[in-house]
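Take a look at the structure set out below.
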Amino acid sequence: MIAIIDYGMGNLRSVQKAFERVGFEALVTSDPRQVLQADRVVLPGVGAFRDCIRNLEQGGFVEPILTVIAEGRPFLGICLGLQLLFNESEEFGLHKGLGVIPGRVVRFPDGMIEAGEKLPVPHMGWNQISLRGDPPLFSGVADQSNVYFVHSYYVKPDDPAMVAATCSYGLEFCAAIRRDNLVATQFHPEKSQAVGLTMLKNFAEMKG
């Protein structure tokens, strides 16, 4: 069973429908017990970091998430679901994350210039990713594939070896991480058309 965590933040139905399109059933759940029972878990997220952490805590999801990851079950974080795995975020003050991945979440600087033009924040729309290594999430995905981003903050892992993909937007930033069966993307696979569907299929087929 694939469990998609419903903690009140994120376009959960679009993630569920994307899994269904590649032939896998996924359950949207607000019950921490179902998360603990799942074979693989997805943590999506949009909105403010502090609100998401608060909702995860109040919903009783923190311990189930940490347990699933510690047991090596496949776990996928999407967008804010990537950022929440880190130690802390500077969004609207300093806020502690789940502390699974050492590192922090920082904002794109104002005034970034690319090709002579000022870049807006948030980074929104299609952009290319540069793949690192051979993570199973990207099996069958070509280097420099276009994926869909919507974010003003990005992650800075302490360990560069965890970076599975990068992207350039005024600066090079981490677009995906991987540690064993834990994978997470700053972009939205469910909005990234065929490329994103390939990634979700790969995740659904990852060995636990």
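Residue numbers start at 1 in each chain; chains themselves are named A, B, ... in the order of the structure tokens; ligands are numbered from 1 in the order shown.
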* To do: Find the spatial neighbours of region 106-110 of chain A, counting only C-alpha atoms, within a cut-off of 6 Å - ignore same-chain residues fewer than 2 positions away - and output them as a list in words.
  => Glu90, Met112, Ser152, Tyr153 and Tyr154 of chain A
* DSSP on the backbone: what in region 77-177 of chain A comes out helix (DSSP H, G or I), as a list of chain:residue names? -> A:Leu80, A:Gly81, A:Leu82, A:Gln83, A:Pro136, A:Leu137, A:Phe138, A:Pro160, A:Ala161, A:Met162
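You can rank A:Val147, A:Leu82, A:Ala175, A:Leu66 by their closest distance to Gln193 (chain A) using only C-alpha atoms, and at the top of that list sits A:Val147.
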* Mind checking which residues fall within 12 Å of Leu56 (chain A), counting only C-alpha atoms, ignoring those fewer than 4 positions away in the same chain, and posting them as a list in words? => Ile5, Asp6, Tyr7, Gly8, Met9, Ser30, Asp31, Pro32, Leu43, Pro44, Gly45, Phe49, Arg50, Asp51, Cys52, Gly60, Phe61, Val62, Glu63, Pro64, Ile65, Leu66, Gly81, Leu84, Leu85, Gly97 and Leu98 of chain A
Selected residues written out with N, CA and C atoms, as an mmCIF file, in the first residue's frame:
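Below you can see part_10.cif, which holds the result:
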```
data_model
loop_
_atom_site.group_PDB
_atom_site.id
_atom_site.type_symbol
_atom_site.label_atom_id
_atom_site.label_comp_id
_atom_site.auth_asym_id
_atom_site.auth_seq_id
_atom_site.Cartn_x
_atom_site.Cartn_y
_atom_site.Cartn_z
ATOM 1 N N ILE A 5 0.277 11.127 2.919
ATOM 2 C CA ILE A 5 -0.078 11.726 4.199
ATOM 3 C C ILE A 5 -0.902 12.996 3.989
ATOM 4 N N ASP A 6 -2.085 13.003 4.575
ATOM 5 C CA ASP A 6 -2.976 14.165 4.525
ATOM 6 C C ASP A 6 -2.905 14.896 5.859
ATOM 7 N N TYR A 7 -2.149 15.992 5.886
ATOM 8 C CA TYR A 7 -2.032 16.792 7.110
ATOM 9 C C TYR A 7 -2.517 18.216 6.855
ATOM 10 N N GLY A 8 -3.348 18.345 5.826
ATOM 11 C CA GLY A 8 -3.984 19.618 5.555
ATOM 12 C C GLY A 8 -3.186 20.557 4.683
ATOM 13 N N MET A 9 -2.074 20.074 4.092
ATOM 14 C CA MET A 9 -1.219 20.932 3.269
ATOM 15 C C MET A 9 -0.770 20.156 2.030
ATOM 16 N N SER A 30 -5.397 10.585 6.691
ATOM 17 C CA SER A 30 -5.091 11.478 7.805
ATOM 18 C C SER A 30 -4.937 10.680 9.102
ATOM 19 N N ASP A 31 -4.785 9.352 8.969
ATOM 20 C CA ASP A 31 -4.665 8.448 10.116
ATOM 21 C C ASP A 31 -3.210 7.988 10.255
ATOM 22 N N PRO A 32 -2.512 8.398 11.304
ATOM 23 C CA PRO A 32 -1.113 7.989 11.481
ATOM 24 C C PRO A 32 -0.935 6.474 11.520
ATOM 25 N N LEU A 43 5.085 12.038 1.341
ATOM 26 C CA LEU A 43 4.837 13.266 2.098
ATOM 27 C C LEU A 43 4.870 14.443 1.131
ATOM 28 N N PRO A 44 3.705 14.877 0.640
ATOM 29 C CA PRO A 44 3.671 16.072 -0.217
ATOM 30 C C PRO A 44 3.609 17.325 0.652
ATOM 31 N N GLY A 45 3.524 18.475 0.027
ATOM 32 C CA GLY A 45 3.368 19.680 0.833
ATOM 33 C C GLY A 45 3.484 20.952 0.031
ATOM 34 N N PHE A 49 6.446 26.468 5.844
ATOM 35 C CA PHE A 49 7.145 25.424 6.592
ATOM 36 C C PHE A 49 6.598 25.300 8.015
ATOM 37 N N ARG A 50 6.487 26.433 8.705
ATOM 38 C CA ARG A 50 6.073 26.389 10.114
ATOM 39 C C ARG A 50 4.679 25.790 10.274
ATOM 40 N N ASP A 51 3.771 26.089 9.340
ATOM 41 C CA ASP A 51 2.412 25.552 9.415
ATOM 42 C C ASP A 51 2.412 24.047 9.164
ATOM 43 N N CYS A 52 3.249 23.615 8.232
ATOM 44 C CA CYS A 52 3.309 22.191 7.915
ATOM 45 C C CYS A 52 3.863 21.379 9.083
ATOM 46 N N GLY A 60 -0.139 13.872 14.697
ATOM 47 C CA GLY A 60 0.479 12.646 15.192
ATOM 48 C C GLY A 60 1.304 11.913 14.149
ATOM 49 N N PHE A 61 1.830 12.645 13.162
ATOM 50 C CA PHE A 61 2.529 12.000 12.053
ATOM 51 C C PHE A 61 4.040 11.922 12.220
ATOM 52 N N VAL A 62 4.608 12.677 13.158
ATOM 53 C CA VAL A 62 6.069 12.759 13.236
ATOM 54 C C VAL A 62 6.681 11.390 13.534
ATOM 55 N N GLU A 63 6.203 10.717 14.570
ATOM 56 C CA GLU A 63 6.778 9.414 14.924
ATOM 57 C C GLU A 63 6.572 8.368 13.835
ATOM 58 N N PRO A 64 5.364 8.263 13.232
ATOM 59 C CA PRO A 64 5.213 7.315 12.124
ATOM 60 C C PRO A 64 6.170 7.592 10.967
ATOM 61 N N ILE A 65 6.359 8.868 10.610
ATOM 62 C CA ILE A 65 7.286 9.205 9.528
ATOM 63 C C ILE A 65 8.700 8.746 9.879
ATOM 64 N N LEU A 66 9.153 9.059 11.080
ATOM 65 C CA LEU A 66 10.506 8.689 11.492
ATOM 66 C C LEU A 66 10.665 7.168 11.542
ATOM 67 N N GLY A 81 7.552 18.695 1.244
ATOM 68 C CA GLY A 81 7.832 17.396 1.853
ATOM 69 C C GLY A 81 9.314 17.051 1.837
ATOM 70 N N LEU A 84 10.811 19.638 4.747
ATOM 71 C CA LEU A 84 10.460 19.257 6.112
ATOM 72 C C LEU A 84 11.407 18.213 6.698
ATOM 73 N N LEU A 85 12.124 17.483 5.844
ATOM 74 C CA LEU A 85 13.037 16.445 6.308
ATOM 75 C C LEU A 85 14.308 17.026 6.914
ATOM 76 N N GLY A 97 12.818 21.436 11.668
ATOM 77 C CA GLY A 97 12.177 20.437 10.843
ATOM 78 C C GLY A 97 12.228 19.069 11.503
ATOM 79 N N LEU A 98 12.081 18.025 10.706
ATOM 80 C CA LEU A 98 12.059 16.664 11.228
ATOM 81 C C LEU A 98 13.450 16.167 11.594
#
```
* Within 9 Å of Arg179 (chain A) using only C-alpha atoms, minus same-chain residues under 5 positions, as a count of residues only -> 4
* **Between CA of Pro135 (chain A) and CA of Pro157 (chain A), distance in Å (one decimal)** => 16.9 Å
Please identify all polymer residues within 9 Å of Phe173 (chain A), counting only C-alpha atoms, omitting same-chain residues fewer than 6 positions from it, and present them as a PDB file with N, CA and C atoms, in the first residue's frame.
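Contents of out.pdb, as written:
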```
ATOM      1  N   TYR A 154      15.001  26.680  -0.913  1.00  0.00           N
ATOM      2  CA  TYR A 154      15.633  25.454  -1.392  1.00  0.00           C
ATOM      3  C   TYR A 154      16.478  24.856  -0.268  1.00  0.00           C
ATOM      4  N   VAL A 155      16.814  23.575  -0.391  1.00  0.00           N
ATOM      5  CA  VAL A 155      17.536  22.876   0.678  1.00  0.00           C
ATOM      6  C   VAL A 155      19.036  22.902   0.428  1.00  0.00           C
ATOM      7  N   LYS A 156      19.793  22.923   1.528  1.00  0.00           N
ATOM      8  CA  LYS A 156      21.252  22.863   1.488  1.00  0.00           C
ATOM      9  C   LYS A 156      21.703  21.713   2.396  1.00  0.00           C
ATOM     10  N   ALA A 165      20.017  15.218  -7.641  1.00  0.00           N
ATOM     11  CA  ALA A 165      19.819  16.052  -8.828  1.00  0.00           C
ATOM     12  C   ALA A 165      19.966  17.508  -8.428  1.00  0.00           C
ATOM     13  N   THR A 166      20.422  18.318  -9.375  1.00  0.00           N
ATOM     14  CA  THR A 166      20.532  19.756  -9.152  1.00  0.00           C
ATOM     15  C   THR A 166      19.784  20.493 -10.252  1.00  0.00           C
ATOM     16  N   CYS A 167      19.584  21.786 -10.028  1.00  0.00           N
ATOM     17  CA  CYS A 167      18.914  22.637 -11.003  1.00  0.00           C
ATOM     18  C   CYS A 167      19.542  24.027 -10.904  1.00  0.00           C
TER      19      CYS A 167
END
```
* Select, from A:Glu71, A:Asn181, A:Val15, A:Arg104, the residue with the minimum atom-to-atom distance to Glu205 (chain A), counting only C-alpha atoms. => A:Asn181
* With a distance cut-off of 7 Å and only C-alpha atoms, select the neighbouring residues of Pro122 (chain A), excluding the residue or stretch itself and same-chain residues fewer than 2 positions from it, and output the selection as a ChimeraX atom specification. => /A:120,124,150-152
Store the residues picked out above in a file with C-alpha atoms, as an mmCIF file, in the first residue's frame.
```
data_model
loop_
_atom_site.group_PDB
_atom_site.id
_atom_site.type_symbol
_atom_site.label_atom_id
_atom_site.label_comp_id
_atom_site.auth_asym_id
_atom_site.auth_seq_id
_atom_site.Cartn_x
_atom_site.Cartn_y
_atom_site.Cartn_z
ATOM 1 C CA PRO A 120 11.586 36.490 -9.907
ATOM 2 C CA MET A 124 7.925 28.842 -10.821
ATOM 3 C CA VAL A 150 7.051 26.161 -7.494
ATOM 4 C CA HIS A 151 9.198 27.359 -4.567
ATOM 5 C CA SER A 152 10.914 30.322 -2.946
#
```
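Distances to Ala184 (chain A) were evaluated for A:Ala164, A:Ala26, A:Leu171, A:Ile129 using only C-alpha atoms, and the minimum falls at A:Ala164.
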* Structure fact -> Using only C-alpha atoms, the residue out of A:Pro74, A:Pro102, A:Gly196, A:Gly170 with shortest distance to Met1 (chain A) is A:Pro74
* To do: Once DSSP has gone over the backbone, tell me which residues of region 21-164 of chain A are in strand (DSSP E or B), as a VMD selection string.
  => chain A and resid 26 to 29 40 to 43 75 to 78 86 to 89 95 to 96 101 to 107 113 to 114 117 to 118 123 to 131 146 to 151 153 to 157 163 to 164
Output the selection as a PDB file, in the first residue's frame - C-alpha atoms for each residue.
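Listing of again.pdb after writing:
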```
ATOM      1  CA  ALA A  26      -2.519   5.059  -3.378  1.00  0.00           C
ATOM      2  CA  LEU A  27      -4.444   5.930  -0.230  1.00  0.00           C
ATOM      3  CA  VAL A  28      -4.794   9.518   0.987  1.00  0.00           C
ATOM      4  CA  THR A  29      -4.925   9.235   4.766  1.00  0.00           C
ATOM      5  CA  ARG A  40       5.658   3.000   1.156  1.00  0.00           C
ATOM      6  CA  VAL A  41       4.819   6.557   2.165  1.00  0.00           C
ATOM      7  CA  VAL A  42       4.541   9.896   0.336  1.00  0.00           C
ATOM      8  CA  LEU A  43       4.837  13.266   2.098  1.00  0.00           C
ATOM      9  CA  PHE A  75       9.606   7.186   1.408  1.00  0.00           C
ATOM     10  CA  LEU A  76       9.039  10.067  -1.023  1.00  0.00           C
ATOM     11  CA  GLY A  77       8.972  13.738  -0.078  1.00  0.00           C
ATOM     12  CA  ILE A  78       7.602  16.228  -2.606  1.00  0.00           C
ATOM     13  CA  PHE A  86      15.830  18.918   7.122  1.00  0.00           C
ATOM     14  CA  ASN A  87      17.018  20.281  10.463  1.00  0.00           C
ATOM     15  CA  GLU A  88      15.629  23.781  10.103  1.00  0.00           C
ATOM     16  CA  SER A  89      14.140  26.388   7.790  1.00  0.00           C
ATOM     17  CA  HIS A  95      11.811  26.724  12.541  1.00  0.00           C
ATOM     18  CA  LYS A  96      12.922  23.185  13.349  1.00  0.00           C
ATOM     19  CA  ILE A 101      18.594  15.036   6.784  1.00  0.00           C
ATOM     20  CA  PRO A 102      21.334  17.269   8.217  1.00  0.00           C
ATOM     21  CA  GLY A 103      21.134  20.691   6.606  1.00  0.00           C
ATOM     22  CA  ARG A 104      18.864  23.681   6.305  1.00  0.00           C
ATOM     23  CA  VAL A 105      16.301  25.398   4.099  1.00  0.00           C
ATOM     24  CA  VAL A 106      17.144  28.873   2.775  1.00  0.00           C
ATOM     25  CA  ARG A 107      15.499  31.463   0.524  1.00  0.00           C
ATOM     26  CA  ILE A 113      20.308  37.794 -12.646  1.00  0.00           C
ATOM     27  CA  GLU A 114      20.371  35.281 -15.472  1.00  0.00           C
ATOM     28  CA  GLU A 117      17.323  39.528 -16.713  1.00  0.00           C
ATOM     29  CA  LYS A 118      16.258  39.704 -13.085  1.00  0.00           C
ATOM     30  CA  HIS A 123      11.015  30.004  -8.945  1.00  0.00           C
ATOM     31  CA  MET A 124       7.925  28.842 -10.821  1.00  0.00           C
ATOM     32  CA  GLY A 125       7.532  26.736 -13.941  1.00  0.00           C
ATOM     33  CA  TRP A 126       9.580  24.277 -15.981  1.00  0.00           C
ATOM     34  CA  ASN A 127      13.319  23.863 -15.527  1.00  0.00           C
ATOM     35  CA  GLN A 128      15.963  21.254 -16.299  1.00  0.00           C
ATOM     36  CA  ILE A 129      17.535  18.935 -13.741  1.00  0.00           C
ATOM     37  CA  SER A 130      21.071  17.555 -13.819  1.00  0.00           C
ATOM     38  CA  LEU A 131      21.172  14.010 -12.470  1.00  0.00           C
ATOM     39  CA  ASN A 146      12.313  19.297 -17.653  1.00  0.00           C
ATOM     40  CA  VAL A 147      10.267  19.160 -14.456  1.00  0.00           C
ATOM     41  CA  TYR A 148       7.862  21.564 -12.753  1.00  0.00           C
ATOM     42  CA  PHE A 149       8.895  23.751  -9.808  1.00  0.00           C
ATOM     43  CA  VAL A 150       7.051  26.161  -7.494  1.00  0.00           C
ATOM     44  CA  HIS A 151       9.198  27.359  -4.567  1.00  0.00           C
ATOM     45  CA  TYR A 153      13.176  28.250  -0.666  1.00  0.00           C
ATOM     46  CA  TYR A 154      15.633  25.454  -1.392  1.00  0.00           C
ATOM     47  CA  VAL A 155      17.536  22.876   0.678  1.00  0.00           C
ATOM     48  CA  LYS A 156      21.252  22.863   1.488  1.00  0.00           C
ATOM     49  CA  PRO A 157      22.263  19.362   2.671  1.00  0.00           C
ATOM     50  CA  VAL A 163      22.215  15.252  -3.692  1.00  0.00           C
ATOM     51  CA  ALA A 164      20.565  13.177  -6.442  1.00  0.00           C
TER      52      ALA A 164
END
```
Would you mind listing what lies within 7 Å of Met199 (chain A) as a PDB file with N, CA and C atoms, in the first residue's frame, with only C-alpha atoms counted and same-chain residues fewer than 4 positions away left out?
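Contents of selection-v5.pdb, freshly written:
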```
ATOM      1  N   LEU A 137      15.013   6.291  -8.455  1.00  0.00           N
ATOM      2  CA  LEU A 137      13.880   7.160  -8.771  1.00  0.00           C
ATOM      3  C   LEU A 137      13.965   7.673 -10.203  1.00  0.00           C
ATOM      4  N   PHE A 138      15.180   7.806 -10.717  1.00  0.00           N
ATOM      5  CA  PHE A 138      15.384   8.397 -12.037  1.00  0.00           C
ATOM      6  C   PHE A 138      15.677   7.367 -13.121  1.00  0.00           C
ATOM      7  N   PRO A 189       6.724  15.856  -9.184  1.00  0.00           N
ATOM      8  CA  PRO A 189       6.597  14.801 -10.197  1.00  0.00           C
ATOM      9  C   PRO A 189       5.184  14.693 -10.757  1.00  0.00           C
ATOM     10  N   VAL A 195       7.697  12.550 -17.643  1.00  0.00           N
ATOM     11  CA  VAL A 195       8.910  12.390 -16.839  1.00  0.00           C
ATOM     12  C   VAL A 195       8.553  12.134 -15.379  1.00  0.00           C
ATOM     13  N   PHE A 203       9.225   4.876  -8.026  1.00  0.00           N
ATOM     14  CA  PHE A 203       9.066   4.861  -6.579  1.00  0.00           C
ATOM     15  C   PHE A 203       8.155   3.717  -6.144  1.00  0.00           C
TER      16      PHE A 203
END
```
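Our summary of the geometry notes that CA of Gly140 (chain A) is positioned 7.3 Å from CA of Thr198 (chain A).
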